[in-house]
Amino acid sequence: MGSPVLPDLGTEILIPVCAIIGIGFSLFQWLLVSKVKLTPGSAASKNSGGAGKNGHGDYLIEEEEGLNDHNIVLKCAEIQNAISEGATSFLFTEYQYVGIFMVAFAILIFVFLGSVEGFSTKSQPCTYDPLKLCKPALATAGFSTIAFMLGAITSVVSGFLGMKIATYANARTTLEARKGVGKAFITAFRSGAVMGFLLAANGLLVLYIAINLFKLYYGDDWEGLFEAITGYGLGGSSMALFGRVGGGIYTKAADVGADLVGKVERNIPEDDPRNPAVIADNVGDNVGDIAGMGSDLFGSYAESSCAALVVASISSFGINHEFTPMLYPLIVSSVGIIVCLLTTLFATDFFEIKAVNEIEPALKNQLIISTVLMTIGVAVVSWIALPSSFTIFNFGTQKVVKNWQLFLCVAVGLWAGLIIGFVTEYYTSNAYSPVQDVADSCRTGAATNVIFGLALGYKSVIIPIFAIAVSIFVSFSFAAMYGVAVAALGMLSTIATGLAIDAYGPISDNAGGIAEMAGMSHRIRERTDALDAAGNTTAAIGKGFAIGSAALVSLALFGAFVSRAAISTVDVLTPKVFIGLIVGAMLPYWFSAMTMKSVGSAALKMVEEVRRQFNTIPGLMEGTAKPDYATCVKISTDASIKEMIPPGALVMLTPLIVGIFFGVETLSGVLAGSLVSGVQIAISASNTGGAWDNAKKYIEAGVSEHARSLGPKGSDPHKAAVIGDTIGDPLKDTSGPSLNILIKLMAVESLVFAPFFATHGGLLFKIF
């Protein structure tokens, strides 16, 4: 078998040091962003990165255009303040409700898992090795509850910090756009990096500390220790669900309301300060796309780590107590932070952006560079942290695996992520023919636009599914379910860069909104629009990553659940499993229906309120009176808090009801069914929405001859494009991204409660 090159002490130093470097780097980036001042007289403030660098002829347009006005800077600061306050108050309200749920669910975990052995405090025979004694089920119940709380709190903090950084950076990006597109890009990207590195490093550090603290009690009982750690993943994802659904409903209610009345009925531009829903719309970008996305990817990361650790604990690593190979998933993530740090420097320091058309390639290069560097990093880690050969638990047997095979498992996940990212980009960027075809279909009205957009979404599912299928086949063939778990981890190993690119989008979007509201010149708005259009595509790429990794994560969790619930085979031909399968496949549709209807009904209230203000406030259209922004913010807040509870309950209660009443076989069917149908709907919904949005932007920008023939703003094709974009909003920002949490969350919840279901589940079948 051999022992790994890296000693245990090396692992104990490497993981926390990498995490601390990640946190340090994010604080350094934040410091650089904070050098852009939001006070008058600092228009020519020296930005980090040296004079003239990335500024491309560092001059202020205002001086040319006679607009060098303190009022603009003050106006930007004022708008930023309103957005920040709206986002903070919404998240605090949301977290109060979520906090109550968290405590209730924590009690449920403790009671259910404690009752497995009748709350006994005696040591029990181990699940996988009955000859040995393991810690009592009551201990696992207690520690699972602590891990759940830890995961939930880390998830909430990650989302909240991300939102704070984004609202701090949006107006600074707007002001930097006066000096050139390069400066604005760097400010937005650095702010995204702050969030990416904070989240990746915090997630890793908290998990590592939790494992070491739990070890003080569990000692040599690694099976029990890592079973308890799965609560961490459950906590992370359950918070992400509420963040994603609540934030998604908030942002889209405001967006749809603002677009329908402002653009379609009143013919005023996007983000026009006369539009009462405009502040709510910009707040929504931060609570949905930033706080929700942060919690979501943190959940994926926590779960893929937990799934890998659970399987490893009952393989040779766990049985022989080999600490370094056991923590292989965490070492991969540690190296990922260092790789992403180097990658980020390519965007901010090594290359300058001088023109608008260099923005998108710079963001795409981030993905390519991080993937190539990470492949080398994983090869080194697999060589030093793993023995040359070892055994992996494979449904009751031990499978012999070589270290190079495990490297291939991680690499296949990593590259599948890149493929999914690029396919998503091809289908959602207006530089390619699919989106241009959708834009062209607007000539004949909204109906053809909707047909083309839906077809594009369905078609965009094909290649990502093949990529996921190949990575599952390769990784499972080499290293069973552990292989699938580390493939998911491979896809998420560059999470810091992925999140930086993702957070960049909403920050640029907000920057554009602030420029419009502050009445800045047309040229500045053009620059922020260019940043925003690139951000739209990268947001779609980020969603592609999140969905692809969710599919692999939930399969790995499914494998761990099947092993833990002692199911030897999941036979589709048995009625118990098949009914689960068909019901599971229906759940994503039920969930999507709930979230889309929530957005629809909240948008309805918003439209009525915006219309009321336009009709009753004298001088609003002329720009002499101010709209009542606060009422619109309140409508969005109230609707999202109220509406996020039913979809959340559906996801959280399904595994419990099925497990208790129908047992583990039916539950395994439900998990498989929801995974298979959820992935397809999530990809098609996200890409359809993204394509409609960029088709509208393609017509508005009017860069090519073709685009100009469809425009300008306010033309019939443009109005048809706006309708498509409005329909796509809940698809791409509420239903689509929330579905990947549904898939993962049901699987991790089933895994946490597996001991209880295996002992007490299937009540209905026991009666009959």
# chains A, B, ... in the order shown; residues from 1 in each chain; ligands from 1
call {"tool": "residues_around", "arguments": {"residues": "stretch 165-174 of chain A", "least_positions_apart": "2", "cutoff": "6 Å", "atoms": "only C-alpha atoms", "output": "MDAnalysis selection string"}}
result
chainID A and resid 76 80 84 162:163 176:177 184 187:188 507 510:511
call {"tool": "write_last_selection", "arguments": {"atoms": "all heavy atoms", "output": "PDB file, in the first residue's frame"}}
result
ATOM      1  N   CYS A  76     -23.799  59.567  -6.412  1.00  0.00           N
ATOM      2  CA  CYS A  76     -23.414  58.141  -6.426  1.00  0.00           C
ATOM      3  C   CYS A  76     -23.374  57.577  -5.005  1.00  0.00           C
ATOM      4  O   CYS A  76     -23.862  56.480  -4.743  1.00  0.00           O
ATOM      5  CB  CYS A  76     -22.035  57.957  -7.071  1.00  0.00           C
ATOM      6  SG  CYS A  76     -22.068  58.145  -8.844  1.00  0.00           S
ATOM      7  N   GLN A  80     -25.712  54.610  -3.596  1.00  0.00           N
ATOM      8  CA  GLN A  80     -25.074  53.407  -3.043  1.00  0.00           C
ATOM      9  C   GLN A  80     -25.588  53.132  -1.634  1.00  0.00           C
ATOM     10  O   GLN A  80     -25.869  51.995  -1.268  1.00  0.00           O
ATOM     11  CB  GLN A  80     -23.559  53.593  -3.001  1.00  0.00           C
ATOM     12  CG  GLN A  80     -22.855  52.366  -2.420  1.00  0.00           C
ATOM     13  CD  GLN A  80     -21.515  52.695  -1.820  1.00  0.00           C
ATOM     14  OE1 GLN A  80     -21.311  53.798  -1.315  1.00  0.00           O
ATOM     15  NE2 GLN A  80     -20.612  51.768  -1.865  1.00  0.00           N
ATOM     16  N   SER A  84     -27.400  49.784  -0.319  1.00  0.00           N
ATOM     17  CA  SER A  84     -26.793  49.029   0.783  1.00  0.00           C
ATOM     18  C   SER A  84     -27.777  48.857   1.947  1.00  0.00           C
ATOM     19  O   SER A  84     -27.920  47.766   2.498  1.00  0.00           O
ATOM     20  CB  SER A  84     -25.539  49.755   1.262  1.00  0.00           C
ATOM     21  OG  SER A  84     -24.929  49.019   2.279  1.00  0.00           O
ATOM     22  N   GLY A 162     -20.554  38.796   1.270  1.00  0.00           N
ATOM     23  CA  GLY A 162     -20.546  39.011  -0.177  1.00  0.00           C
ATOM     24  C   GLY A 162     -21.397  40.214  -0.549  1.00  0.00           C
ATOM     25  O   GLY A 162     -20.991  41.074  -1.336  1.00  0.00           O
ATOM     26  N   MET A 163     -22.591  40.282   0.060  1.00  0.00           N
ATOM     27  CA  MET A 163     -23.508  41.385  -0.234  1.00  0.00           C
ATOM     28  C   MET A 163     -22.890  42.718   0.216  1.00  0.00           C
ATOM     29  O   MET A 163     -22.962  43.726  -0.498  1.00  0.00           O
ATOM     30  CB  MET A 163     -24.834  41.138   0.506  1.00  0.00           C
ATOM     31  CG  MET A 163     -25.902  42.176   0.271  1.00  0.00           C
ATOM     32  SD  MET A 163     -25.718  43.678   1.254  1.00  0.00           S
ATOM     33  CE  MET A 163     -25.873  43.071   2.914  1.00  0.00           C
ATOM     34  N   GLU A 176     -15.009  54.892 -11.200  1.00  0.00           N
ATOM     35  CA  GLU A 176     -13.800  54.500 -11.932  1.00  0.00           C
ATOM     36  C   GLU A 176     -14.054  54.441 -13.439  1.00  0.00           C
ATOM     37  O   GLU A 176     -13.131  54.592 -14.236  1.00  0.00           O
ATOM     38  CB  GLU A 176     -13.309  53.132 -11.439  1.00  0.00           C
ATOM     39  CG  GLU A 176     -12.663  53.181 -10.072  1.00  0.00           C
ATOM     40  CD  GLU A 176     -11.368  53.985 -10.063  1.00  0.00           C
ATOM     41  OE1 GLU A 176     -10.311  53.428 -10.372  1.00  0.00           O
ATOM     42  OE2 GLU A 176     -11.416  55.189  -9.760  1.00  0.00           O
ATOM     43  N   ALA A 177     -15.329  54.201 -13.836  1.00  0.00           N
ATOM     44  CA  ALA A 177     -15.648  54.121 -15.268  1.00  0.00           C
ATOM     45  C   ALA A 177     -15.377  55.455 -15.962  1.00  0.00           C
ATOM     46  O   ALA A 177     -15.239  55.507 -17.182  1.00  0.00           O
ATOM     47  CB  ALA A 177     -17.110  53.715 -15.465  1.00  0.00           C
ATOM     48  N   ALA A 184     -12.564  50.516 -14.278  1.00  0.00           N
ATOM     49  CA  ALA A 184     -13.850  50.047 -13.740  1.00  0.00           C
ATOM     50  C   ALA A 184     -13.849  48.525 -13.636  1.00  0.00           C
ATOM     51  O   ALA A 184     -14.323  47.951 -12.650  1.00  0.00           O
ATOM     52  CB  ALA A 184     -14.977  50.512 -14.645  1.00  0.00           C
ATOM     53  N   THR A 187     -11.867  47.350 -10.572  1.00  0.00           N
ATOM     54  CA  THR A 187     -12.577  47.572  -9.297  1.00  0.00           C
ATOM     55  C   THR A 187     -13.666  46.518  -9.103  1.00  0.00           C
ATOM     56  O   THR A 187     -13.788  45.926  -8.028  1.00  0.00           O
ATOM     57  CB  THR A 187     -13.192  48.987  -9.281  1.00  0.00           C
ATOM     58  OG1 THR A 187     -12.150  49.919  -9.515  1.00  0.00           O
ATOM     59  CG2 THR A 187     -13.840  49.284  -7.946  1.00  0.00           C
ATOM     60  N   ALA A 188     -14.440  46.278 -10.168  1.00  0.00           N
ATOM     61  CA  ALA A 188     -15.524  45.286 -10.053  1.00  0.00           C
ATOM     62  C   ALA A 188     -14.952  43.891  -9.828  1.00  0.00           C
ATOM     63  O   ALA A 188     -15.457  43.123  -9.001  1.00  0.00           O
ATOM     64  CB  ALA A 188     -16.383  45.305 -11.313  1.00  0.00           C
ATOM     65  N   ILE A 507     -22.203  43.370  -9.623  1.00  0.00           N
ATOM     66  CA  ILE A 507     -21.541  44.633  -9.252  1.00  0.00           C
ATOM     67  C   ILE A 507     -21.546  45.577 -10.459  1.00  0.00           C
ATOM     68  O   ILE A 507     -21.861  46.761 -10.346  1.00  0.00           O
ATOM     69  CB  ILE A 507     -20.098  44.363  -8.753  1.00  0.00           C
ATOM     70  CG1 ILE A 507     -20.134  43.622  -7.405  1.00  0.00           C
ATOM     71  CG2 ILE A 507     -19.315  45.670  -8.601  1.00  0.00           C
ATOM     72  CD1 ILE A 507     -18.805  43.078  -6.943  1.00  0.00           C
ATOM     73  N   ASN A 510     -25.100  46.867 -11.094  1.00  0.00           N
ATOM     74  CA  ASN A 510     -25.393  47.971 -10.167  1.00  0.00           C
ATOM     75  C   ASN A 510     -24.673  49.248 -10.578  1.00  0.00           C
ATOM     76  O   ASN A 510     -25.225  50.344 -10.476  1.00  0.00           O
ATOM     77  CB  ASN A 510     -24.928  47.602  -8.753  1.00  0.00           C
ATOM     78  CG  ASN A 510     -26.057  47.097  -7.878  1.00  0.00           C
ATOM     79  OD1 ASN A 510     -26.050  47.289  -6.697  1.00  0.00           O
ATOM     80  ND2 ASN A 510     -27.043  46.451  -8.465  1.00  0.00           N
ATOM     81  N   ALA A 511     -23.408  49.109 -11.029  1.00  0.00           N
ATOM     82  CA  ALA A 511     -22.623  50.284 -11.428  1.00  0.00           C
ATOM     83  C   ALA A 511     -23.329  51.017 -12.571  1.00  0.00           C
ATOM     84  O   ALA A 511     -23.415  52.249 -12.584  1.00  0.00           O
ATOM     85  CB  ALA A 511     -21.225  49.858 -11.857  1.00  0.00           C
TER      86      ALA A 511
END
call {"tool": "select_by_dssp", "arguments": {"residues": "stretch 12-172 of chain A", "states": "alpha helix (DSSP H)", "output": "JSON, numbers by chain"}}
result
{"A": [12, 13, 14, 15, 16, 17, 18, 19, 20, 21, 22, 23, 24, 25, 26, 27, 28, 29, 30, 31, 32, 33, 34, 61, 62, 63, 64, 65, 70, 71, 72, 73, 74, 75, 76, 77, 78, 79, 80, 81, 82, 83, 84, 85, 86, 87, 88, 89, 90, 91, 92, 93, 94, 95, 96, 97, 98, 99, 100, 101, 102, 103, 104, 105, 106, 107, 108, 109, 110, 111, 112, 113, 114, 137, 138, 139, 140, 141, 142, 143, 144, 145, 146, 147, 148, 149, 150, 151, 152, 153, 154, 155, 156, 157, 158, 159, 160, 161, 162, 163, 164, 165, 166, 167, 168, 169, 170, 171, 172]}
call {"tool": "closest_residue", "arguments": {"among": "A:Pro506, A:Gly180, A:Gly519, A:Gly490", "to": "A:Leu414", "atoms": "only C-alpha atoms"}}
result
A:Gly490
call {"tool": "atom_distance", "arguments": {"atom1": "atom CA of A:Gly678", "atom2": "atom CA of A:Leu739"}}
result
6.2 Å
call {"tool": "select_by_dssp", "arguments": {"residues": "stretch 279-440 of chain A", "states": "strand (DSSP E or B)", "output": "list of chain:residue names"}}
result
A:Ser389, A:Phe390, A:Thr391, A:Ile392, A:Phe393, A:Asn394, A:Thr397, A:Gln398, A:Lys399, A:Val400, A:Val401, A:Lys402
call {"tool": "write_last_selection", "arguments": {"atoms": "all heavy atoms", "output": "JSON list (two decimals), in the first residue's frame"}}
result
[["chain", "number", "residue", "atom", "x", "y", "z"],
["A", 389, "SER", "N", -1.22, 2.87, -3.64],
["A", 389, "SER", "CA", -2.50, 2.17, -3.85],
["A", 389, "SER", "C", -3.23, 2.04, -2.52],
["A", 389, "SER", "O", -2.61, 2.03, -1.46],
["A", 389, "SER", "CB", -2.26, 0.81, -4.52],
["A", 389, "SER", "OG", -2.15, -0.20, -3.56],
["A", 390, "PHE", "N", -4.55, 1.95, -2.59],
["A", 390, "PHE", "CA", -5.39, 1.92, -1.39],
["A", 390, "PHE", "C", -6.73, 1.32, -1.76],
["A", 390, "PHE", "O", -6.97, 1.04, -2.95],
["A", 390, "PHE", "CB", -5.57, 3.36, -0.82],
["A", 390, "PHE", "CG", -5.83, 4.39, -1.88],
["A", 390, "PHE", "CD1", -7.12, 4.68, -2.28],
["A", 390, "PHE", "CD2", -4.77, 5.05, -2.51],
["A", 390, "PHE", "CE1", -7.37, 5.61, -3.28],
["A", 390, "PHE", "CE2", -5.02, 5.98, -3.52],
["A", 390, "PHE", "CZ", -6.32, 6.25, -3.90],
["A", 391, "THR", "N", -7.61, 1.14, -0.79],
["A", 391, "THR", "CA", -8.93, 0.58, -1.13],
["A", 391, "THR", "C", -10.03, 1.60, -0.81],
["A", 391, "THR", "O", -9.91, 2.37, 0.13],
["A", 391, "THR", "CB", -9.22, -0.73, -0.36],
["A", 391, "THR", "OG1", -9.29, -0.42, 1.04],
["A", 391, "THR", "CG2", -8.16, -1.78, -0.62],
["A", 392, "ILE", "N", -11.06, 1.56, -1.64],
["A", 392, "ILE", "CA", -12.20, 2.48, -1.49],
["A", 392, "ILE", "C", -13.46, 1.63, -1.31],
["A", 392, "ILE", "O", -13.66, 0.64, -2.02],
["A", 392, "ILE", "CB", -12.35, 3.38, -2.74],
["A", 392, "ILE", "CG1", -11.16, 4.33, -2.86],
["A", 392, "ILE", "CG2", -13.66, 4.15, -2.73],
["A", 392, "ILE", "CD1", -11.09, 5.43, -1.82],
["A", 393, "PHE", "N", -14.31, 2.03, -0.36],
["A", 393, "PHE", "CA", -15.55, 1.31, -0.10],
["A", 393, "PHE", "C", -16.48, 1.41, -1.30],
["A", 393, "PHE", "O", -16.74, 2.49, -1.81],
["A", 393, "PHE", "CB", -16.24, 1.91, 1.14],
["A", 393, "PHE", "CG", -17.50, 1.20, 1.54],
["A", 393, "PHE", "CD1", -17.44, 0.07, 2.34],
["A", 393, "PHE", "CD2", -18.75, 1.66, 1.14],
["A", 393, "PHE", "CE1", -18.61, -0.58, 2.73],
["A", 393, "PHE", "CE2", -19.92, 1.01, 1.52],
["A", 393, "PHE", "CZ", -19.84, -0.13, 2.32],
["A", 394, "ASN", "N", -16.95, 0.25, -1.78],
["A", 394, "ASN", "CA", -17.83, 0.25, -2.97],
["A", 394, "ASN", "C", -19.02, -0.66, -2.71],
["A", 394, "ASN", "O", -19.00, -1.84, -3.05],
["A", 394, "ASN", "CB", -17.02, -0.22, -4.19],
["A", 394, "ASN", "CG", -17.87, -0.27, -5.44],
["A", 394, "ASN", "OD1", -18.89, 0.41, -5.53],
["A", 394, "ASN", "ND2", -17.47, -1.10, -6.40],
["A", 397, "THR", "N", -18.12, -3.84, -0.69],
["A", 397, "THR", "CA", -16.80, -4.44, -0.95],
["A", 397, "THR", "C", -15.75, -3.33, -0.95],
["A", 397, "THR", "O", -16.08, -2.15, -1.00],
["A", 397, "THR", "CB", -16.77, -5.14, -2.33],
["A", 397, "THR", "OG1", -17.09, -4.16, -3.32],
["A", 397, "THR", "CG2", -17.78, -6.27, -2.41],
["A", 398, "GLN", "N", -14.49, -3.72, -0.88],
["A", 398, "GLN", "CA", -13.42, -2.74, -0.96],
["A", 398, "GLN", "C", -12.75, -2.84, -2.33],
["A", 398, "GLN", "O", -12.34, -3.92, -2.74],
["A", 398, "GLN", "CB", -12.38, -2.99, 0.16],
["A", 398, "GLN", "CG", -12.90, -2.73, 1.57],
["A", 398, "GLN", "CD", -12.97, -1.25, 1.93],
["A", 398, "GLN", "OE1", -12.51, -0.39, 1.21],
["A", 398, "GLN", "NE2", -13.60, -0.95, 3.07],
["A", 399, "LYS", "N", -12.67, -1.72, -3.04],
["A", 399, "LYS", "CA", -12.11, -1.71, -4.40],
["A", 399, "LYS", "C", -10.70, -1.13, -4.34],
["A", 399, "LYS", "O", -10.47, -0.09, -3.74],
["A", 399, "LYS", "CB", -13.02, -0.83, -5.26],
["A", 399, "LYS", "CG", -12.60, -0.65, -6.71],
["A", 399, "LYS", "CD", -13.59, 0.32, -7.38],
["A", 399, "LYS", "CE", -13.14, 0.71, -8.78],
["A", 399, "LYS", "NZ", -13.41, -0.30, -9.79],
["A", 400, "VAL", "N", -9.74, -1.82, -4.97],
["A", 400, "VAL", "CA", -8.36, -1.33, -4.96],
["A", 400, "VAL", "C", -8.22, -0.20, -5.99],
["A", 400, "VAL", "O", -8.63, -0.33, -7.14],
["A", 400, "VAL", "CB", -7.36, -2.47, -5.29],
["A", 400, "VAL", "CG1", -5.93, -1.93, -5.36],
["A", 400, "VAL", "CG2", -7.45, -3.56, -4.23],
["A", 401, "VAL", "N", -7.65, 0.92, -5.54],
["A", 401, "VAL", "CA", -7.50, 2.11, -6.41],
["A", 401, "VAL", "C", -6.06, 2.60, -6.32],
["A", 401, "VAL", "O", -5.44, 2.55, -5.27],
["A", 401, "VAL", "CB", -8.47, 3.23, -5.94],
["A", 401, "VAL", "CG1", -8.36, 4.46, -6.82],
["A", 401, "VAL", "CG2", -9.91, 2.75, -5.91],
["A", 402, "LYS", "N", -5.54, 3.09, -7.45],
["A", 402, "LYS", "CA", -4.19, 3.68, -7.49],
["A", 402, "LYS", "C", -4.32, 5.20, -7.38],
["A", 402, "LYS", "O", -5.34, 5.78, -7.73],
["A", 402, "LYS", "CB", -3.51, 3.33, -8.82],
["A", 402, "LYS", "CG", -3.41, 1.83, -9.10],
["A", 402, "LYS", "CD", -2.09, 1.30, -8.58],
["A", 402, "LYS", "CE", -1.80, -0.11, -9.08],
["A", 402, "LYS", "NZ", -2.70, -1.11, -8.51]]
call {"tool": "atom_distance", "arguments": {"atom1": "atom CA of A:Phe466", "atom2": "atom CA of A:Ala551"}}
result
12.2 Å
call {"tool": "residues_around", "arguments": {"residues": "stretch 703-708 of chain A", "least_positions_apart": "5", "cutoff": "9 Å", "atoms": "only C-alpha atoms", "output": "VMD selection string"}}
result
chain A and resid 436 439 to 440 698
call {"tool": "closest_atom_pairs", "arguments": {"of": "stretch 168-253 of chain A", "to": "stretch 357-374 of chain A", "cutoff": "12 Å", "atoms": "only C-alpha atoms", "output": "CSV"}}
result
residue,atom,partner,partner_atom,distance
A:Val181,CA,A:Ile359,CA,8.8
A:Gly182,CA,A:Ile359,CA,8.4
A:Lys183,CA,A:Ile359,CA,11.5
A:Ala184,CA,A:Ile359,CA,10.7
A:Phe185,CA,A:Ile359,CA,7.6
A:Ile186,CA,A:Ile359,CA,10.2
A:Ala188,CA,A:Ile359,CA,11.6
A:Phe189,CA,A:Leu363,CA,9.2
A:Gly192,CA,A:Leu363,CA,11.8
A:Ala193,CA,A:Gln366,CA,11.6
call {"tool": "atom_distance", "arguments": {"atom1": "atom CA of A:Leu745", "atom2": "atom CA of A:Ser554"}}
result
8.0 Å
call {"tool": "residues_around", "arguments": {"residues": "A:Val278", "least_positions_apart": "4", "cutoff": "9 Å", "atoms": "only C-alpha atoms", "output": "list of chain:residue names"}}
result
A:Ala254, A:Asp255, A:Ala258, A:Glu270, A:Asp271, A:Asp272, A:Pro273, A:Arg274, A:Asn282, A:Val283, A:Gly513, A:Met517, A:Tyr629, A:Cys632
call {"tool": "write_last_selection", "arguments": {"atoms": "all heavy atoms", "output": "short mmCIF file (atom, residue, chain, number, x, y, z; two decimals), in the first residue's frame"}}
result
data_model
loop_
_atom_site.label_atom_id
_atom_site.label_comp_id
_atom_site.auth_asym_id
_atom_site.auth_seq_id
_atom_site.Cartn_x
_atom_site.Cartn_y
_atom_site.Cartn_z
N ALA A 254 -38.96 42.91 -8.38
CA ALA A 254 -38.61 44.30 -8.65
C ALA A 254 -38.25 44.50 -10.12
O ALA A 254 -38.67 45.47 -10.76
CB ALA A 254 -37.43 44.70 -7.77
N ASP A 255 -37.49 43.55 -10.66
CA ASP A 255 -37.01 43.66 -12.04
C ASP A 255 -38.17 43.65 -13.04
O ASP A 255 -38.28 44.49 -13.93
CB ASP A 255 -36.04 42.49 -12.32
CG ASP A 255 -35.16 42.77 -13.52
OD1 ASP A 255 -35.36 43.80 -14.17
OD2 ASP A 255 -34.29 41.94 -13.82
N ALA A 258 -40.28 46.81 -12.67
CA ALA A 258 -39.61 47.99 -13.22
C ALA A 258 -39.62 47.96 -14.75
O ALA A 258 -39.86 48.98 -15.40
CB ALA A 258 -38.17 48.05 -12.70
N GLU A 270 -33.81 51.76 -18.87
CA GLU A 270 -33.60 50.92 -17.69
C GLU A 270 -32.87 51.77 -16.64
O GLU A 270 -32.06 52.60 -16.98
CB GLU A 270 -32.72 49.72 -18.08
CG GLU A 270 -32.61 48.70 -16.98
CD GLU A 270 -32.16 47.32 -17.50
OE1 GLU A 270 -31.83 47.19 -18.68
OE2 GLU A 270 -32.17 46.41 -16.69
N ASP A 271 -33.17 51.51 -15.37
CA ASP A 271 -32.52 52.21 -14.25
C ASP A 271 -32.75 53.73 -14.26
O ASP A 271 -31.95 54.48 -13.71
CB ASP A 271 -31.00 51.92 -14.24
CG ASP A 271 -30.71 50.46 -14.00
OD1 ASP A 271 -31.36 49.87 -13.13
OD2 ASP A 271 -29.84 49.90 -14.69
N ASP A 272 -33.82 54.19 -14.90
CA ASP A 272 -34.14 55.61 -14.88
C ASP A 272 -34.58 56.00 -13.47
O ASP A 272 -35.41 55.31 -12.87
CB ASP A 272 -35.28 55.90 -15.88
CG ASP A 272 -35.46 57.39 -16.10
OD1 ASP A 272 -35.83 58.08 -15.13
OD2 ASP A 272 -35.24 57.85 -17.23
N PRO A 273 -34.02 57.09 -12.90
CA PRO A 273 -34.37 57.42 -11.50
C PRO A 273 -35.85 57.75 -11.29
O PRO A 273 -36.33 57.75 -10.17
CB PRO A 273 -33.49 58.65 -11.20
CG PRO A 273 -33.03 59.16 -12.51
CD PRO A 273 -33.03 58.00 -13.46
N ARG A 274 -36.59 58.01 -12.40
CA ARG A 274 -38.03 58.29 -12.24
C ARG A 274 -38.81 57.02 -11.94
O ARG A 274 -39.96 57.08 -11.51
CB ARG A 274 -38.57 58.92 -13.54
CG ARG A 274 -38.04 60.31 -13.81
CD ARG A 274 -38.43 60.78 -15.21
NE ARG A 274 -37.77 60.05 -16.26
CZ ARG A 274 -37.96 60.25 -17.56
NH1 ARG A 274 -38.82 61.17 -17.95
NH2 ARG A 274 -37.32 59.53 -18.46
N ASN A 282 -32.08 47.21 -7.97
CA ASN A 282 -30.64 47.15 -7.70
C ASN A 282 -30.31 46.45 -6.38
O ASN A 282 -29.29 45.78 -6.27
CB ASN A 282 -30.04 48.56 -7.73
CG ASN A 282 -29.84 49.04 -9.15
OD1 ASN A 282 -29.05 48.48 -9.90
ND2 ASN A 282 -30.57 50.06 -9.56
N VAL A 283 -31.19 46.60 -5.39
CA VAL A 283 -31.02 45.86 -4.13
C VAL A 283 -31.09 44.35 -4.44
O VAL A 283 -30.30 43.56 -3.95
CB VAL A 283 -32.12 46.23 -3.11
CG1 VAL A 283 -32.11 45.27 -1.92
CG2 VAL A 283 -31.92 47.65 -2.62
N GLY A 513 -26.56 50.92 -13.21
CA GLY A 513 -27.77 51.53 -12.65
C GLY A 513 -27.46 52.84 -11.95
O GLY A 513 -28.18 53.84 -12.11
N MET A 517 -28.82 56.59 -12.79
CA MET A 517 -29.57 57.36 -11.79
C MET A 517 -28.87 58.66 -11.43
O MET A 517 -29.51 59.65 -11.09
CB MET A 517 -29.78 56.52 -10.53
CG MET A 517 -30.87 55.48 -10.70
SD MET A 517 -31.20 54.64 -9.16
CE MET A 517 -30.13 53.24 -9.27
N TYR A 629 -39.46 55.30 -3.39
CA TYR A 629 -38.72 54.04 -3.56
C TYR A 629 -39.03 53.04 -2.44
O TYR A 629 -39.08 51.84 -2.65
CB TYR A 629 -37.21 54.30 -3.56
CG TYR A 629 -36.70 55.15 -4.70
CD1 TYR A 629 -35.90 56.27 -4.45
CD2 TYR A 629 -36.98 54.82 -6.02
CE1 TYR A 629 -35.40 57.05 -5.49
CE2 TYR A 629 -36.49 55.59 -7.07
CZ TYR A 629 -35.70 56.70 -6.80
OH TYR A 629 -35.21 57.45 -7.83
N CYS A 632 -41.77 50.35 -2.79
CA CYS A 632 -41.42 49.24 -3.70
C CYS A 632 -40.46 48.25 -3.02
O CYS A 632 -40.59 47.04 -3.18
CB CYS A 632 -40.79 49.78 -4.98
SG CYS A 632 -41.98 50.64 -6.01
#
call {"tool": "residues_around", "arguments": {"residues": "A:Ala565", "least_positions_apart": "2", "cutoff": "9 Å", "atoms": "only C-alpha atoms", "output": "list in words"}}
result
Ala560, Phe561, Val562, Ser563, Ile567, Val664, Leu751, Ala754, Pro755, Phe756, Phe757, Ala758 and Thr759 of chain A
call {"tool": "closest_residue", "arguments": {"among": "A:Ser333, A:Ser313, A:Asn430, A:Ser388", "to": "A:Ala496", "atoms": "only C-alpha atoms"}}
result
A:Ser333
